[in-house]
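Novice: The structure's right below; bear with me while I get my questions together.
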Amino acid sequence: MAIHRVGVAVFVLVATAILAAESEPNQVESEKLQDVSGEAVFSDAEGGFKTGDGASITVPGQAEAPPHPVETGQADSAGRRVSIEVGSDRVKQPVADEELENLQAEFDLQDAPQQSEPVPTPRDHFAEELVIRPLLSGDIYTSFQFRTRWDTDLHRGKKVSHYRLFPKSLGQVISKFSVRELHISFTQGFWRTAQWGQPLLSAPPGAELWVWFQDSVADVDGAWRELTSVLSGIFCASLNFIDSTNTVQPSASFKPMGLGNVTEQRFLRYAVLPREIVCTENLTPWKKLLPCESQAGLAVLLKSEKLFHSSYHSQAVHIRPVCKDTACRETSWELSQTLGIVFDLHASGQSKREWSLFKMFSRTLTEPCPLASSSKVYVDVTDNPLGEELFDLSPAVSLQTQAVVLGDRRTFTVYDLLTPEPYGPTRSLNILLKWRQQDSVDMQRPVLHTERYVSGYGLQTGEINTLLYNSHPFRAFPVLLMETVPWYLRLYIHTLTVQSKGKENKPSYIHYLPSKDRQRPHLLEMLVQLPPHSVTKVTVQFERALLKWTEYTPDPNHGFYVSSSVVSAMVPSVVAMDTNSTEGRPLFTTLFHSTEESSYFMRVYSEPLLVNLPTPDFSMPYNVICLTCTVVAVGYGSLYNLLTRTFQVEEPSGGLTKRLANVIRRLRGVPAL
Amino acid sequence: MGLLSDPNRRRALTSLVTRLNTPLCVLCYLVGVSWFMGLAFEPFMLRTYMSENAMGSTMVEERFVFGERAISYTREFAGQKKKTGGMPVDWLVKTMKSRGLEVYTQSFSQTLPFPDEVKERYMVRGTNVYGILRAPRGPRTESIVLSAPCSEGNNNNQAVGLLLALASYFRSQIYWAKDIIFLVNEHDLIGTEAWLEAYHDVNMTGLRSSPMQGRAGAIQAALSLELSSDVITSMDVALEGLNGQLPNLDLVNLFYAFCQKTGVLCTIQGKLQRNDWDTLPGYTHSLSTMLLMVLKQGSGRPQGDHGLFLRYHIEAVTMRGINSFRQYKFDMMTVGKLIEGMFRKLNNLLERFHQSYFFYLMPSLTRFVSIGYYMPAFGFLALILVLRALDLWVQLSDPARALDDGVSEGEQDSSPSLLSLATPVIICHLTGLALYFLPVLSQEMAIQHFPVSETEAVVLTAIAIYVAGLALPHNTHRVLSGVGTERGWRSLKLFSLLYLAVLLGCTTLINFSLGFILAVTMIPVTAFIQPHRSSKVLHGVALILVSPATTLLLSIYLYHELIEYPISLLECWQHFLTAVSQGILDHHLYGSLLYPLIALFIYPCWLQFWNIVFWK
């Protein structure tokens with residue numbers, strides 16, 4: 001364990017920090033984390049166990065990233081709670097050995113009665129869990145995670161044809177396109193950071209897909225194109241609309257989350273479809289990937305009519321290679337299927353603040369998935385400390401666990417579905433949460449959140465504004481901002497300004513790839529230091545392009561979407577924020593910030609934008625044709641006539657006009673012409 | 001086009017134009033004016049129809065039943081307003097928050113260029129409160145606005161009450177696809193302007209406002225609500241926005257459709273619809289409705305809070321509850337249902353309003369005149385200018401035509417130098433610049449030397465400069481080297497006529513009403529004035545009668561006649577003074593273009609004609 005004070009340029013530091021957070025298992029000797037305030041932080045490199053109430057276990061060499069708190073044994077032998085820090089999507093503290101063994105044991109136990117003859121230990125495991133977090137606004141956040149691990153190599157040589165728990169459709173995709181990592185999310189709605197706090201797993205509205213390919217792939221673009229089409233079929237989504245005009249290769253914002261040390265960005269492809277609408281047709285294929293589908297286990301709760309009666313719906317699939325064991329000599333494949341839903345208090349048609357599984361999903365739990373080696377429901381009771389309870393939870397169970405989630409120490413009540421205890425005499429589990437107060441409580445502002453909008457009016461120019469809020473009272477931290485803007489908004493990059501607290505804030509790193517008309521979008525990545533307690537405003541002006549008339553969408557007056565910008569940051573944690581409170585914690589824990597708690601990785605997505613482009617009136621082509629023809633005929637014709645005609649003096653002949661004129665003249669008594 | 005390439009025919013054509021010029025012009029004027037009058041005749045007009053698909057086929061079912069709740073909110077709001085002596089910001093924030101909205105406030109301050117004596121304000125400081133209802137599973141890209149002003153005294157309390165009741169009812173519905181912003185703005189238009197500028201992060205009027213925190217994407221439509229009584233007899237809709245911009249006709253149709261559905265009586269320009277179009281009273285009724293719209297649109301003033309939204313391409317109308325002496329009244333629940341229905345339809349919008357007309361006149365709520373029908377009326381008027389210009393051009397280019405073949409005379413009457421033409425033009429425009437800048441700039445000096453208030457100083461300075469411009473012709477000639485020639489005034493008139501034609505043409509394209517009012521008055525006189533000694537006084541008087549200021553005076557008189565609230569000449573003069581000061585204020589506060597247009601272009605152009613009358 002070493003403390004490094006390295007004074008290097010900020011970007012390098014942060015890059016290191018981010019890389020460190022990526023948990024590269026091959027370089028586990030000493031990860032260096034340096035936070036920006038100059039204070040050195042350190043990570044447990046050797047898997048040291050720290051004891052104490054909020055003890056944490058860090059085992060390097062395993063890159064497992066449970067976005068959910070993973071329990072590591074209910075309580076260790078000494079009766080102390082054991083907790084694991086969980087970063088949003090990258091983690092350096094995987095499951096401990098004991099747990100693996102536990103799981104193994106449990107699995108064997110589970111499997112044994114079903115199998116008539118002894119079988120070799122299965123090489124795949126399935127675990128499911130549900131986290132329920134009551135939000136202070138009165139809404140409720142539920143997050144499912146289904147995780148399948150398979151100790152096999154899908155790439156090297158041998159063709160895998162026998163699939164058990166791992167879905168075959170995805171396995172084949174991985175081996176065919178040499179995918180190293182695949183992350184796909186479908187989200188309907190926008191996560192309201194200011195009211196709901198941080199989600200366990202963030203995702204932008206619409207569909208997001210990012211893939212790392214193996215370094216053996218020669219034609220990455222070709223593989224990407226085919227892969228998107230295949231995934232489009234698997235998930236019934238319009239992923240086939242991903243083409244070169246909305247695909248980028250981020251240089252710093254996205255790093256591999258699993259095994260592997262190749263971070264060369266040419267093997268990375270990232271695309272967002274902000275317009276994608278997520279509905280049951282996307283949920284059904286997602287459910288079909290589960291080993292128990294929606295027949296048993298937690299997945300019985302997933303009934304679309306309730307899931308889509310919510311404020312937020314985000315489903316995702318993450319595939320990545322992880323270490324098979326602590327030695328990390330072999331890899332396994334991990335498939336995480338996650339689903340996050342926020343149910344709305346006001347729209348649920350109830351006046352009382354009361355939630356239950358039945359109310360949310362119109363189902364209760366009766367059994368775990370028989371194939372699962374772990375099946376648990378966690379209820380976040382952090383805001384419900386003993387003595388000043390905000391809500392009542394029933395059925396009451398004694399089992400509690402603590403975990404540091406996103407820099408905040410949370411307490412969870414655990415319902416283990418593999419044991420008969422939670423079901424009670426009715427043989428069904430219906431968790432009930434009843435708030436004592438009826439007023440909503442204001443929550444503390446999250447440390448980092450963003451806002452984005454288009455300013456200006458008219459159809460010629462405009463300005464994209466991104467606001468980055470750092471509400472930490474005393475710590476500055478750097479963020480990586482990534483903006484992808486379609487080519488038809490022509491960015492004036494010279495107008496790029498970054499301002500915090502009224503002063504210019506020079507980004508220490510800018511990566512800008514200009515767009516090419518009809519070929520690729522703008523990509524703008526920059527590293528910005530956010531001063532404490534400030535708003536940083538990033539603005540860039542653009543001009544709206546006039547498209548060719550076939551390039552307009554069928555509803556051009558709706559506007560064109562600009563995908564969410566991505567903010568990746570190492571955020572100082574909430575736990576480290578209050579330096580004064582020592583309640584319930586040993587004194588020695590507060591002198592230095594411990595690594596796990598001082599900062600954590602977080603990714604925040606901003607709102608997508610809807611921009612109107614100058615649009616011709618498509619309903620009037622006929623009028624336009626008529627008008628153009630008239631102008632051409634009259635204007636051009638007469639000019640051509642005047643230019644080409646030869647004029648010569650001619651004796652006036654008695655034409656009809658002349659005769660008519662003479663008649664009139666005679667009537668007026670004027671001599672004829 | 002043999003007509004132009006054949007010299008004989010061309011000559012015949014030009015002689016036709018020159019010889020029959022006066023009768024043709026008179027004919028054009030008569031046709032133009034009667035065309036315009038004919039627009040109000042029902043058989044000539046189109047019925048309104050819904051063009052937007054999302055608005056059409058499906059009707060929604062309104063379930064708003066919280067009229068009582070709206071009234072109790074009203075009472076509470078009125079009490080809080082009285083207690084705080086202004087906008088009860090904290091109470092509004094608390095109430096909206098408890099209804100489950102995301103609430104933000106925005107404070108602003110604005111110093112007027114000079115005190116506004118009508119509304120009695122100079123340094124304005126206020127706060128807007130708005131709550132955002134986030135659409136479930138919506139990505140925050142689109143929104144609709146419902147706004148209600150927090151006015152002085154007891155006005156519009158019911159609007160705020162109903163807004164809160166609607167907010168709490170809307171919050172519990174799951175079907176919203178767009179975010180809904182509930183805005184309570186202080187200081188009516190200034191508050192709306194401040195909010196809109198902050199929302200779009202622009203600053204055009206020098207307002208200082210706090211940075212805005214919560215936004216909800218591109219605003220698709222907005223409704224502004226004004227209600228001052230618990231029950232109403234009818235609902236009036238105001239359309240005319242800043243600079244005569246109008247909302248898309250589909251929004252008006254939507255209002256009408258839901259008035260029909262809920263059975264609420266609806267009016268436009270405060271006038272109900274009549275069915276007896278074939279009688280004279282029926283015709284004059286629709287004519288006066290249309291004329292009212294023309295006058296309001298021509299004034300370029302926003303006729304409600306909605307007027308400022310239009311600049312940002314947000315379709316908006318103001319709905320005003322009227323409580324008159326009619327027997328049958330509608331309660332809050334019905335009004336709430338009306339608004340709920342409109343919002344649910346707006347929620348269905350897939351694209352911005354774009355299908356229907358943006359340029360129209362409405363002689364009644366069910367009939368409209370589109371741009372294609374009203375433009376010819378102006379076209380005929382503008383034709384007069386072109387014909388006169390053509391006549392002058394022919395006279396100038398071929399002066400000897402009347403004298404058979406007089407080449408020598410033409411040479412003698414040398415063409416006027418550029419200087420002699422440019423000087424009056426430039427001087428006229430300098431006067432216009434003075435009229436635009438001096439009143440506001442010199443108010444300090446004026447109040448030091450004269451016993452007047454700032455507002456009076458500004459208005460009186462403007463009038464003084466305006467009148468002083470009339471003395472220009474005498475001074476212009478002193479600057480000029482030689483005396484004005486016959487060709488000189490003809491050239492100047494030719495230029496002025498074309499200038500006027502271009503000016504009016506452009507104005508009409510943007511704001512038909514303003515262009516048409518100016519055209520009807522200015523064109524006949526300016527087309528025929530000449531610097532003849534005998535008729536100099538007559539021409540001068542005629543020209544003064546059609547000057548922009550006189551037009552304004554007459555418009556004010558006509559407006560009061562039309563709303564059946566006749567005023568005396570003295571009152572009219574008072575209104576005129578107010579209108580001038582309001583016009584200047586509108587320009588500084590909201591960016592209304594009427595005052596600069598008159599001061600910088602129309603008035604100088606008129607002065608050029610004045611110069612011609614007194615040409616020596």
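Numbering starts fresh at 1 for the residues of each chain in the structure tokens, the chains themselves are lettered A, B, ... in the order given, and ligands are numbered from 1 as they appear.
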Using DSSP secondary structure from the backbone, list all strand (DSSP E or B) positions within region 157-337 of chain B, as JSON, numbers by chain.
Specialist: {"B": [179, 180, 181, 182, 183, 184, 185, 186, 208, 209, 218, 219, 220, 221, 222, 223, 224, 225, 226, 232, 234, 235, 236, 237, 238, 266, 267, 268, 271, 315, 316, 317, 318, 319, 320, 321, 322, 330]}
Novice: Mind checking which residues fall within 12 Å of Gly222 (chain A), counting only C-alpha atoms, ignoring those fewer than 4 positions away in the same chain, and posting them as a PyMOL selection string?
Specialist: chain A and resi 177+213+217-218+226-229+243-244+267+269
Novice: Those residues you just picked out, can you put them in a file as a short mmCIF file (atom, residue, chain, number, x, y, z; two decimals), in the first residue's frame with all heavy atoms?
Specialist:
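Generated file (again_15.cif):
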data_model
loop_
_atom_site.label_atom_id
_atom_site.label_comp_id
_atom_site.auth_asym_id
_atom_site.auth_seq_id
_atom_site.Cartn_x
_atom_site.Cartn_y
_atom_site.Cartn_z
N PHE A 177 -18.71 -11.54 -34.20
CA PHE A 177 -18.17 -10.20 -34.48
C PHE A 177 -16.95 -9.87 -33.64
O PHE A 177 -16.52 -8.72 -33.63
CB PHE A 177 -19.26 -9.15 -34.26
CG PHE A 177 -20.42 -9.33 -35.19
CD1 PHE A 177 -21.62 -9.83 -34.74
CD2 PHE A 177 -20.30 -9.02 -36.53
CE1 PHE A 177 -22.68 -10.01 -35.59
CE2 PHE A 177 -21.36 -9.20 -37.39
CZ PHE A 177 -22.56 -9.71 -36.93
N PHE A 213 -14.34 -3.81 -29.74
CA PHE A 213 -14.05 -5.00 -30.53
C PHE A 213 -12.69 -5.54 -30.14
O PHE A 213 -11.84 -4.83 -29.60
CB PHE A 213 -14.07 -4.66 -32.01
CG PHE A 213 -15.44 -4.37 -32.54
CD1 PHE A 213 -15.91 -3.07 -32.62
CD2 PHE A 213 -16.29 -5.40 -32.93
CE1 PHE A 213 -17.18 -2.81 -33.09
CE2 PHE A 213 -17.55 -5.14 -33.41
CZ PHE A 213 -18.00 -3.84 -33.49
N VAL A 217 -9.87 -7.65 -34.95
CA VAL A 217 -10.82 -7.27 -36.00
C VAL A 217 -10.16 -6.30 -36.95
O VAL A 217 -9.60 -5.28 -36.53
CB VAL A 217 -12.07 -6.61 -35.37
CG1 VAL A 217 -13.06 -6.22 -36.44
CG2 VAL A 217 -12.71 -7.55 -34.38
N ALA A 218 -10.20 -6.62 -38.22
CA ALA A 218 -9.55 -5.76 -39.21
C ALA A 218 -10.50 -4.64 -39.63
O ALA A 218 -10.15 -3.47 -39.61
CB ALA A 218 -9.11 -6.59 -40.41
N GLU A 226 -22.64 -4.47 -39.27
CA GLU A 226 -23.37 -5.73 -39.22
C GLU A 226 -23.92 -5.98 -37.83
O GLU A 226 -25.06 -6.40 -37.65
CB GLU A 226 -22.44 -6.88 -39.61
CG GLU A 226 -22.37 -7.09 -41.11
CD GLU A 226 -21.55 -8.33 -41.42
OE1 GLU A 226 -21.94 -9.42 -40.97
OE2 GLU A 226 -20.50 -8.18 -42.08
N LEU A 227 -23.09 -5.67 -36.84
CA LEU A 227 -23.49 -5.91 -35.45
C LEU A 227 -24.75 -5.13 -35.11
O LEU A 227 -25.68 -5.65 -34.50
CB LEU A 227 -22.35 -5.52 -34.52
CG LEU A 227 -22.66 -5.61 -33.03
CD1 LEU A 227 -22.82 -7.06 -32.62
CD2 LEU A 227 -21.56 -4.97 -32.21
N THR A 228 -24.79 -3.86 -35.55
CA THR A 228 -25.97 -3.06 -35.21
C THR A 228 -27.22 -3.65 -35.86
O THR A 228 -28.28 -3.69 -35.25
CB THR A 228 -25.80 -1.60 -35.67
OG1 THR A 228 -25.43 -1.59 -37.04
CG2 THR A 228 -24.79 -0.88 -34.83
N SER A 229 -27.07 -4.14 -37.07
CA SER A 229 -28.23 -4.73 -37.73
C SER A 229 -28.69 -5.98 -36.99
O SER A 229 -29.89 -6.20 -36.80
CB SER A 229 -27.90 -5.10 -39.17
OG SER A 229 -27.42 -3.98 -39.83
N ASP A 243 -25.53 4.61 -38.20
CA ASP A 243 -24.61 4.56 -39.34
C ASP A 243 -23.48 5.52 -39.05
O ASP A 243 -23.32 5.98 -37.93
CB ASP A 243 -25.35 4.91 -40.63
CG ASP A 243 -26.08 6.23 -40.53
OD1 ASP A 243 -25.80 6.97 -39.57
OD2 ASP A 243 -26.92 6.52 -41.39
N SER A 244 -22.69 5.81 -40.07
CA SER A 244 -21.51 6.64 -39.80
C SER A 244 -21.88 8.04 -39.35
O SER A 244 -21.08 8.71 -38.70
CB SER A 244 -20.64 6.71 -41.05
OG SER A 244 -21.33 7.43 -42.05
N PHE A 267 -10.90 0.63 -31.75
CA PHE A 267 -11.73 -0.56 -31.57
C PHE A 267 -13.02 -0.27 -30.82
O PHE A 267 -13.77 -1.16 -30.47
CB PHE A 267 -10.95 -1.65 -30.84
CG PHE A 267 -9.75 -2.10 -31.62
CD1 PHE A 267 -8.47 -1.83 -31.19
CD2 PHE A 267 -9.94 -2.78 -32.83
CE1 PHE A 267 -7.38 -2.22 -31.94
CE2 PHE A 267 -8.84 -3.18 -33.57
CZ PHE A 267 -7.56 -2.89 -33.13
N ARG A 269 -16.65 1.76 -30.66
CA ARG A 269 -17.69 2.48 -31.40
C ARG A 269 -18.79 2.86 -30.43
O ARG A 269 -19.16 2.05 -29.56
CB ARG A 269 -18.28 1.61 -32.52
CG ARG A 269 -17.34 1.31 -33.66
CD ARG A 269 -17.04 2.59 -34.44
NE ARG A 269 -16.14 2.35 -35.56
CZ ARG A 269 -14.82 2.28 -35.45
NH1 ARG A 269 -14.24 2.44 -34.29
NH2 ARG A 269 -14.08 2.07 -36.52
#
Novice: Quick one: everything within 9 Å of Phe309 (chain B), counting only C-alpha atoms, minus sequence neighbours fewer than 6 positions away in the same chain. Send it as an MDAnalysis selection string.
Specialist: chainID B and resid 192:193 196 221:222 241:242 315:316
Novice: Go ahead and dump the residues you just picked, C-alpha atoms, as a compact mmCIF listing (two decimals), in the first residue's frame.
Specialist:
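That gives us selection-v7.txt:
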# COMPACT_ATOMS: atom_id res chain seq x y z
CA THR B 192 -43.26 37.43 -19.76
CA GLU B 193 -40.48 39.04 -21.75
CA LEU B 196 -38.86 34.20 -22.37
CA ALA B 221 -47.35 26.10 -27.80
CA ALA B 222 -48.51 28.41 -25.06
CA GLY B 241 -48.92 39.63 -31.08
CA LEU B 242 -45.85 41.74 -31.21
CA GLU B 315 -47.78 29.50 -31.15
CA ALA B 316 -49.78 31.19 -28.45
Novice: Would you mind listing what lies within 8 Å of Cys572 (chain B) as a PyMOL selection string, with only C-alpha atoms counted and same-chain residues fewer than 5 positions away left out?
Specialist: chain B and resi 553+556-557+567
Novice: Would you pick out the contacts of His472 (chain A) at 10 Å or less, using only C-alpha atoms, so that residues sharing its chain but fewer than 5 positions from it are not included, and give the list as a list in words?
Specialist: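 Contacts, in chain order: Arg445, Pro446, Val447, Leu448, Phe477, Leu530, Pro531, Pro532, His533, Ser534, Val571, Pro572, Ser573, Val574 and Met577 of chain A.
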Novice: Those residues with N, CA, C and O atoms, as a compact mmCIF listing (two decimals), in the first residue's frame please?
Specialist:
# COMPACT_ATOMS: atom_id res chain seq x y z
N ARG A 445 -28.90 18.18 -2.93
CA ARG A 445 -28.55 18.21 -4.35
C ARG A 445 -27.40 17.26 -4.62
O ARG A 445 -26.45 17.20 -3.85
N PRO A 446 -27.47 16.50 -5.69
CA PRO A 446 -26.35 15.63 -6.00
C PRO A 446 -25.12 16.47 -6.33
O PRO A 446 -25.23 17.61 -6.76
N VAL A 447 -23.97 15.86 -6.12
CA VAL A 447 -22.73 16.62 -6.27
C VAL A 447 -22.56 17.11 -7.70
O VAL A 447 -22.16 18.24 -7.95
N LEU A 448 -22.92 16.27 -8.66
CA LEU A 448 -22.73 16.67 -10.05
C LEU A 448 -24.04 16.47 -10.79
O LEU A 448 -24.64 15.40 -10.71
N PHE A 477 -13.35 19.24 -8.90
CA PHE A 477 -12.98 17.98 -9.54
C PHE A 477 -13.12 18.13 -11.05
O PHE A 477 -13.86 18.97 -11.53
N LEU A 530 -14.10 21.59 -12.56
CA LEU A 530 -15.24 22.31 -12.01
C LEU A 530 -14.87 22.85 -10.63
O LEU A 530 -14.59 22.07 -9.72
N PRO A 531 -14.86 24.15 -10.47
CA PRO A 531 -14.56 24.71 -9.14
C PRO A 531 -15.65 24.32 -8.16
O PRO A 531 -16.77 24.02 -8.57
N PRO A 532 -15.33 24.32 -6.87
CA PRO A 532 -16.34 23.92 -5.90
C PRO A 532 -17.52 24.88 -5.89
O PRO A 532 -17.35 26.09 -6.08
N HIS A 533 -18.68 24.32 -5.69
CA HIS A 533 -19.91 25.10 -5.55
C HIS A 533 -20.07 26.09 -6.70
O HIS A 533 -20.10 27.30 -6.50
N SER A 534 -20.13 25.58 -7.90
CA SER A 534 -20.16 26.48 -9.05
C SER A 534 -21.00 25.89 -10.16
O SER A 534 -21.37 24.72 -10.14
N VAL A 571 -16.05 11.77 -8.94
CA VAL A 571 -16.76 12.72 -8.10
C VAL A 571 -16.38 12.48 -6.64
O VAL A 571 -16.37 11.35 -6.18
N PRO A 572 -16.07 13.55 -5.91
CA PRO A 572 -15.80 13.39 -4.48
C PRO A 572 -17.05 12.87 -3.81
O PRO A 572 -18.16 13.31 -4.11
N SER A 573 -16.89 11.95 -2.92
CA SER A 573 -18.08 11.28 -2.43
C SER A 573 -18.78 12.07 -1.35
O SER A 573 -18.21 12.97 -0.72
N VAL A 574 -20.02 11.74 -1.17
CA VAL A 574 -20.84 12.43 -0.18
C VAL A 574 -20.34 12.13 1.23
O VAL A 574 -20.38 12.97 2.12
N MET A 577 -17.79 14.28 2.29
CA MET A 577 -18.14 15.68 2.23
C MET A 577 -18.28 16.30 3.62
O MET A 577 -17.79 17.38 3.89
Novice: Expressed in Å to a single decimal, how great is the separation between CA of Phe308 (chain A) and CA of Val278 (chain A)?
Specialist: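 One can read the CA of Phe308 (chain A) to CA of Val278 (chain A) distance as 9.4 Å.
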Novice: Taking only C-alpha atoms into account and nothing else, which residues of chain B lie no more than 9 Å away from chain A? Please answer as number ranges by chain.
Specialist: B: 1-2, 4-6, 8, 97-100, 102, 134-142, 171-174, 197, 199-202, 213-218, 311-313, 349-355
Novice: For the atom pair CA of His183 (chain A) and CA of Arg320 (chain A), what is the interatomic distance in Å to one decimal place?
Specialist: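 Rounded to one decimal, the two atoms are 8.4 Å apart.
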Novice: Between A:Phe146, A:Lys516, A:Val381, A:Val414, which is the closest to Cys369 (chain A) once you count only C-alpha atoms?
Specialist: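 For Cys369 (chain A), the nearest of the given residues is A:Phe146.
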Novice: Contacts of region 14-30 of chain B at 8 Å or less, counting only C-alpha atoms, minus same-chain residues fewer than 4 places along, as a PyMOL selection string?
Specialist: chain B and resi 10+34+380-381+383-384+387-388+390-391+394+524
Novice: Extract the full set of helix (DSSP H, G or I) residues from region 288-405 of chain B according to DSSP on the backbone, and format it as a VMD selection string.
Specialist: chain B and resid 288 to 299 305 to 312 332 to 348 371 to 397 399 to 401
Novice: Write out as a count of residues only the residues lying within 12 Å of region 82-91 of chain B, counting only C-alpha atoms and excluding same-chain residues fewer than 5 positions away.
Specialist: 35
Novice: Closest to Gly56 (chain B) among B:Tyr590, B:Tyr122, B:Phe36, B:Phe258, using only C-alpha atoms?
Specialist: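 Of B:Tyr590, B:Tyr122, B:Phe36, B:Phe258, the one nearest Gly56 (chain B), counting only C-alpha atoms, is B:Phe258.
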